[in-house]
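Single-structure report; data block below.
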Amino acid sequence: MKTQKFQSVFDIIGPVMIGPSSSHTAGAVRIGKVVNSIFGEIPEEVTFHLYNSFAKTYRGHGTDKALVAGIMGMDTDNPDIKNSLEIASKKGIKIYWNVMKESNAPHPNTVKISVKKGDKSMSITGISIGGGNINVTELNGFPVSLSMNTPTIITVHQDIPGMIAQVTEILSEHNINVAQMNVTRESAGQKAIMIIEVDSHDCQEAVKQIAKIPNLHNVNFFG
């Protein structure tokens, strides 16, 4: 019997992910991709604050590659995950690692991601809870609780009166029920973020209509 040799743990390809660990790779990609979706563009500078288990094994389990891949918008099954560090370097993205092997973080697989581009900045804290599942616990300093396992619409828009009403009106027109909503903003009149968990997986047409709202910068749907 011939034994197949792998040059990298990322050569092991599963049905929905690339990498040896759903917690340390698939979950990490998903956390990074949430940042990519909300920030709305590729950042110039990223700092990954790794805690506990993530801090101890992030290179061996490929968590570093997975997080950077997610920041650039890759999915969990993208074969370029294994090359994400090199791709980020070519794009001119500055990557910093703040490794804390011992901390009081509530979960061993915790990462806080801080991104910057010009005067624009954002931070998200996420945990990888196993099986590729994640929970977002902080957004720009505000505590949130988002599993991203239910259909979720994320918008980035200008903080002006009527934006929430316009989005929810479109959802109502498409008979889409809102299960939970979180809204936060940089400051009055600046950019705001709306995270809406809904009961429907069929949101594509509504999202297309939402994208046409004036003063809405981007909208993404995680179905």
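Every chain in the structure tokens takes a letter, A first, then B, and so on in the order presented; its residues are numbered from 1, and the ligands are numbered from 1 following the presented order.
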
_Excluding Ile154 (chain A) and its own-chain neighbours fewer than 2 positions away, which residues fall within 6 Å of it when counting only C-alpha atoms? Please give them as a VMD selection string._
chain A and resid 194 to 195 219 to 220

*asked:* Set the distance at 12 Å and use only C-alpha atoms: which residues neighbour Asn149 (chain A) once local chain neighbours fewer than 3 positions away are removed? I'd like the list as JSON, numbers by chain.
replied: {"A": [27, 30, 129, 131, 132, 133, 134, 135, 136, 145, 146, 152, 153, 197, 198, 199, 201, 221, 222, 223]}

*May I have all residues of region 14-215 of chain A that DSSP, computed from the backbone, assigns to helix (DSSP H, G or I), given as a ChimeraX atom specification?*
/A:22-39,52-57,63-71,79-90,163-173,204-210

Give me, as a Markdown table, the closest atom pair and its distance (Å, one decimal) for every residue of region 80-176 of chain A within a cut-off of 9 Å of region 47-50 of chain A, counting only C-alpha atoms, rows sorted by chain and rising number.
```
| residue | atom | partner | partner_atom | distance |
| --- | --- | --- | --- | --- |
| A:Lys94 | CA | A:Thr47 | CA | 8.4 |
| A:Ile95 | CA | A:Thr47 | CA | 6.0 |
| A:Tyr96 | CA | A:Thr47 | CA | 4.6 |
| A:Trp97 | CA | A:Phe48 | CA | 5.0 |
| A:Asn98 | CA | A:His49 | CA | 4.6 |
| A:Val99 | CA | A:Leu50 | CA | 5.0 |
| A:Met100 | CA | A:Leu50 | CA | 5.9 |
| A:Lys101 | CA | A:Leu50 | CA | 7.7 |
| A:Asn109 | CA | A:Leu50 | CA | 8.1 |
| A:Thr110 | CA | A:Leu50 | CA | 6.3 |
| A:Val111 | CA | A:Leu50 | CA | 4.8 |
| A:Lys112 | CA | A:His49 | CA | 5.0 |
| A:Ile113 | CA | A:Phe48 | CA | 4.8 |
| A:Ser114 | CA | A:Thr47 | CA | 5.2 |
| A:Val115 | CA | A:Thr47 | CA | 6.5 |
| A:Lys116 | CA | A:Thr47 | CA | 8.9 |
| A:Thr125 | CA | A:His49 | CA | 9.0 |
```

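When only C-alpha atoms are used to compute distances to Glu186 (chain A), the closest of the residues A:Gly162, A:Thr150, A:Ser172, A:Lys120 turns out to be A:Lys120.
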
Can you tell me, as an mmCIF file with C-alpha atoms, in the first residue's frame, which residues in region 21-91 of chain A count as strand (DSSP E or B) by DSSP?
```
data_model
loop_
_atom_site.group_PDB
_atom_site.id
_atom_site.type_symbol
_atom_site.label_atom_id
_atom_site.label_comp_id
_atom_site.auth_asym_id
_atom_site.auth_seq_id
_atom_site.Cartn_x
_atom_site.Cartn_y
_atom_site.Cartn_z
ATOM 1 C CA GLU A 45 -3.137 46.894 8.887
ATOM 2 C CA VAL A 46 -4.393 44.017 11.029
ATOM 3 C CA THR A 47 -3.515 43.048 14.598
ATOM 4 C CA PHE A 48 -4.543 39.606 15.821
ATOM 5 C CA HIS A 49 -4.717 39.289 19.612
ATOM 6 C CA LEU A 50 -4.575 35.524 20.285
ATOM 7 C CA TYR A 51 -5.517 34.016 23.648
#
```

_List as a PyMOL selection string the protein and nucleic acid residues near His217 (chain A), meaning an atom at most 12 Å away when only C-alpha atoms are counted, but skip any in the same chain fewer than 5 places from it._
chain A and resi 37-41+154-159+163+190-194+210-212

Requested write-out: all heavy atoms of the selected residues, as a short mmCIF file (atom, residue, chain, number, x, y, z; two decimals), in the first residue's frame:
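Output file part-v3.cif is given in full below:
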```cif
data_model
loop_
_atom_site.label_atom_id
_atom_site.label_comp_id
_atom_site.auth_asym_id
_atom_site.auth_seq_id
_atom_site.Cartn_x
_atom_site.Cartn_y
_atom_site.Cartn_z
N SER A 37 -16.48 41.18 6.09
CA SER A 37 -17.82 41.59 5.67
C SER A 37 -18.22 42.92 6.28
O SER A 37 -18.72 43.82 5.59
CB SER A 37 -18.84 40.51 6.06
OG SER A 37 -20.15 40.94 5.79
N ILE A 38 -17.99 43.07 7.58
CA ILE A 38 -18.41 44.29 8.27
C ILE A 38 -17.52 45.47 7.90
O ILE A 38 -18.01 46.59 7.66
CB ILE A 38 -18.42 44.08 9.79
CG1 ILE A 38 -19.45 42.99 10.16
CG2 ILE A 38 -18.76 45.37 10.52
CD1 ILE A 38 -19.47 42.63 11.63
N PHE A 39 -16.21 45.25 7.82
CA PHE A 39 -15.29 46.35 7.49
C PHE A 39 -15.52 46.81 6.06
O PHE A 39 -15.35 47.98 5.72
CB PHE A 39 -13.85 45.90 7.70
CG PHE A 39 -12.85 47.02 7.78
CD1 PHE A 39 -12.94 47.99 8.78
CD2 PHE A 39 -11.81 47.12 6.87
CE1 PHE A 39 -12.03 49.02 8.86
CE2 PHE A 39 -10.89 48.16 6.94
CZ PHE A 39 -11.00 49.12 7.94
N GLY A 40 -15.86 45.87 5.17
CA GLY A 40 -16.26 46.22 3.82
C GLY A 40 -15.14 46.38 2.82
O GLY A 40 -15.39 46.65 1.64
N GLU A 41 -13.90 46.20 3.25
CA GLU A 41 -12.75 46.33 2.34
C GLU A 41 -11.53 45.67 2.97
O GLU A 41 -11.53 45.35 4.16
CB GLU A 41 -12.47 47.79 2.02
CG GLU A 41 -12.25 48.68 3.23
CD GLU A 41 -12.13 50.15 2.85
OE1 GLU A 41 -11.47 50.44 1.83
OE2 GLU A 41 -12.69 50.99 3.57
N ILE A 154 -25.75 41.67 7.39
CA ILE A 154 -24.89 42.69 7.99
C ILE A 154 -24.78 43.86 7.02
O ILE A 154 -24.40 43.69 5.87
CB ILE A 154 -23.48 42.14 8.30
CG1 ILE A 154 -23.58 40.97 9.29
CG2 ILE A 154 -22.58 43.23 8.86
CD1 ILE A 154 -22.25 40.30 9.59
N THR A 155 -25.13 45.05 7.50
CA THR A 155 -25.01 46.25 6.68
C THR A 155 -24.03 47.22 7.32
O THR A 155 -23.89 47.27 8.54
CB THR A 155 -26.35 46.99 6.50
OG1 THR A 155 -26.70 47.66 7.73
CG2 THR A 155 -27.46 46.03 6.11
N VAL A 156 -23.36 47.98 6.49
CA VAL A 156 -22.56 49.13 6.93
C VAL A 156 -23.16 50.34 6.23
O VAL A 156 -23.26 50.36 5.00
CB VAL A 156 -21.07 48.97 6.58
CG1 VAL A 156 -20.29 50.20 7.02
CG2 VAL A 156 -20.50 47.71 7.22
N HIS A 157 -23.58 51.33 6.99
CA HIS A 157 -24.30 52.45 6.41
C HIS A 157 -23.97 53.74 7.14
O HIS A 157 -23.35 53.72 8.22
CB HIS A 157 -25.81 52.20 6.47
CG HIS A 157 -26.33 51.98 7.86
ND1 HIS A 157 -26.28 50.74 8.49
CD2 HIS A 157 -26.88 52.83 8.76
CE1 HIS A 157 -26.78 50.85 9.70
NE2 HIS A 157 -27.15 52.11 9.89
N GLN A 158 -24.38 54.85 6.56
CA GLN A 158 -24.20 56.14 7.21
C GLN A 158 -25.23 56.29 8.32
O GLN A 158 -26.39 55.91 8.16
CB GLN A 158 -24.33 57.28 6.20
CG GLN A 158 -23.51 58.51 6.54
CD GLN A 158 -22.01 58.26 6.49
OE1 GLN A 158 -21.55 57.39 5.76
NE2 GLN A 158 -21.26 59.01 7.27
N ASP A 159 -24.81 56.83 9.44
CA ASP A 159 -25.70 57.00 10.59
C ASP A 159 -26.59 58.21 10.37
O ASP A 159 -26.27 59.33 10.80
CB ASP A 159 -24.87 57.14 11.87
CG ASP A 159 -25.76 57.34 13.09
OD1 ASP A 159 -26.80 56.64 13.17
OD2 ASP A 159 -25.43 58.19 13.94
N MET A 163 -32.54 54.87 8.35
CA MET A 163 -31.86 53.73 7.75
C MET A 163 -32.44 52.40 8.26
O MET A 163 -32.69 51.48 7.48
CB MET A 163 -30.37 53.80 8.03
CG MET A 163 -29.66 54.94 7.31
SD MET A 163 -29.80 54.84 5.50
CE MET A 163 -28.83 53.38 5.15
N GLN A 190 -21.59 59.29 11.68
CA GLN A 190 -20.53 58.54 11.00
C GLN A 190 -21.07 57.17 10.55
O GLN A 190 -22.28 56.98 10.48
CB GLN A 190 -19.33 58.40 11.93
CG GLN A 190 -18.72 59.72 12.36
CD GLN A 190 -18.28 60.57 11.19
OE1 GLN A 190 -17.54 60.12 10.32
NE2 GLN A 190 -18.74 61.82 11.16
N LYS A 191 -20.18 56.22 10.28
CA LYS A 191 -20.61 54.91 9.82
C LYS A 191 -21.24 54.11 10.96
O LYS A 191 -20.80 54.18 12.10
CB LYS A 191 -19.45 54.13 9.20
CG LYS A 191 -19.06 54.66 7.82
CD LYS A 191 -18.01 53.79 7.17
CE LYS A 191 -17.66 54.32 5.78
NZ LYS A 191 -16.61 53.52 5.13
N ALA A 192 -22.27 53.35 10.60
CA ALA A 192 -22.96 52.50 11.56
C ALA A 192 -23.05 51.08 11.01
O ALA A 192 -22.96 50.86 9.79
CB ALA A 192 -24.37 53.05 11.84
N ILE A 193 -23.22 50.14 11.90
CA ILE A 193 -23.28 48.72 11.53
C ILE A 193 -24.60 48.15 12.04
O ILE A 193 -24.99 48.37 13.19
CB ILE A 193 -22.11 47.94 12.14
CG1 ILE A 193 -20.78 48.49 11.62
CG2 ILE A 193 -22.22 46.45 11.82
CD1 ILE A 193 -19.58 48.05 12.44
N MET A 194 -25.29 47.43 11.19
CA MET A 194 -26.54 46.77 11.56
C MET A 194 -26.37 45.28 11.35
O MET A 194 -26.01 44.84 10.26
CB MET A 194 -27.68 47.31 10.70
CG MET A 194 -29.07 47.07 11.24
SD MET A 194 -30.40 47.68 10.12
CE MET A 194 -29.74 49.26 9.58
N ILE A 210 -31.88 46.00 -0.62
CA ILE A 210 -31.24 46.76 0.46
C ILE A 210 -29.99 47.46 -0.05
O ILE A 210 -29.69 48.61 0.32
CB ILE A 210 -30.91 45.84 1.65
CG1 ILE A 210 -32.20 45.37 2.35
CG2 ILE A 210 -29.99 46.53 2.66
CD1 ILE A 210 -31.99 44.27 3.36
N ALA A 211 -29.24 46.80 -0.92
CA ALA A 211 -27.99 47.36 -1.43
C ALA A 211 -28.20 48.66 -2.21
O ALA A 211 -27.27 49.44 -2.38
CB ALA A 211 -27.29 46.33 -2.33
N LYS A 212 -29.43 48.90 -2.67
CA LYS A 212 -29.73 50.10 -3.45
C LYS A 212 -30.13 51.30 -2.58
O LYS A 212 -30.33 52.40 -3.11
CB LYS A 212 -30.85 49.80 -4.45
CG LYS A 212 -30.49 48.73 -5.47
CD LYS A 212 -31.67 48.42 -6.39
CE LYS A 212 -31.31 47.32 -7.39
NZ LYS A 212 -32.48 46.99 -8.27
#
```

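Residue nearest Gly60 (chain A) within the list A:Thr25, A:Asn78, A:Thr137, A:Asn182: A:Thr25 [criterion: smallest interatomic distance, only C-alpha atoms].
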
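Taking CA of Met122 (chain A) as the reference point, CA of Gly92 (chain A) is found at 18.7 Å.
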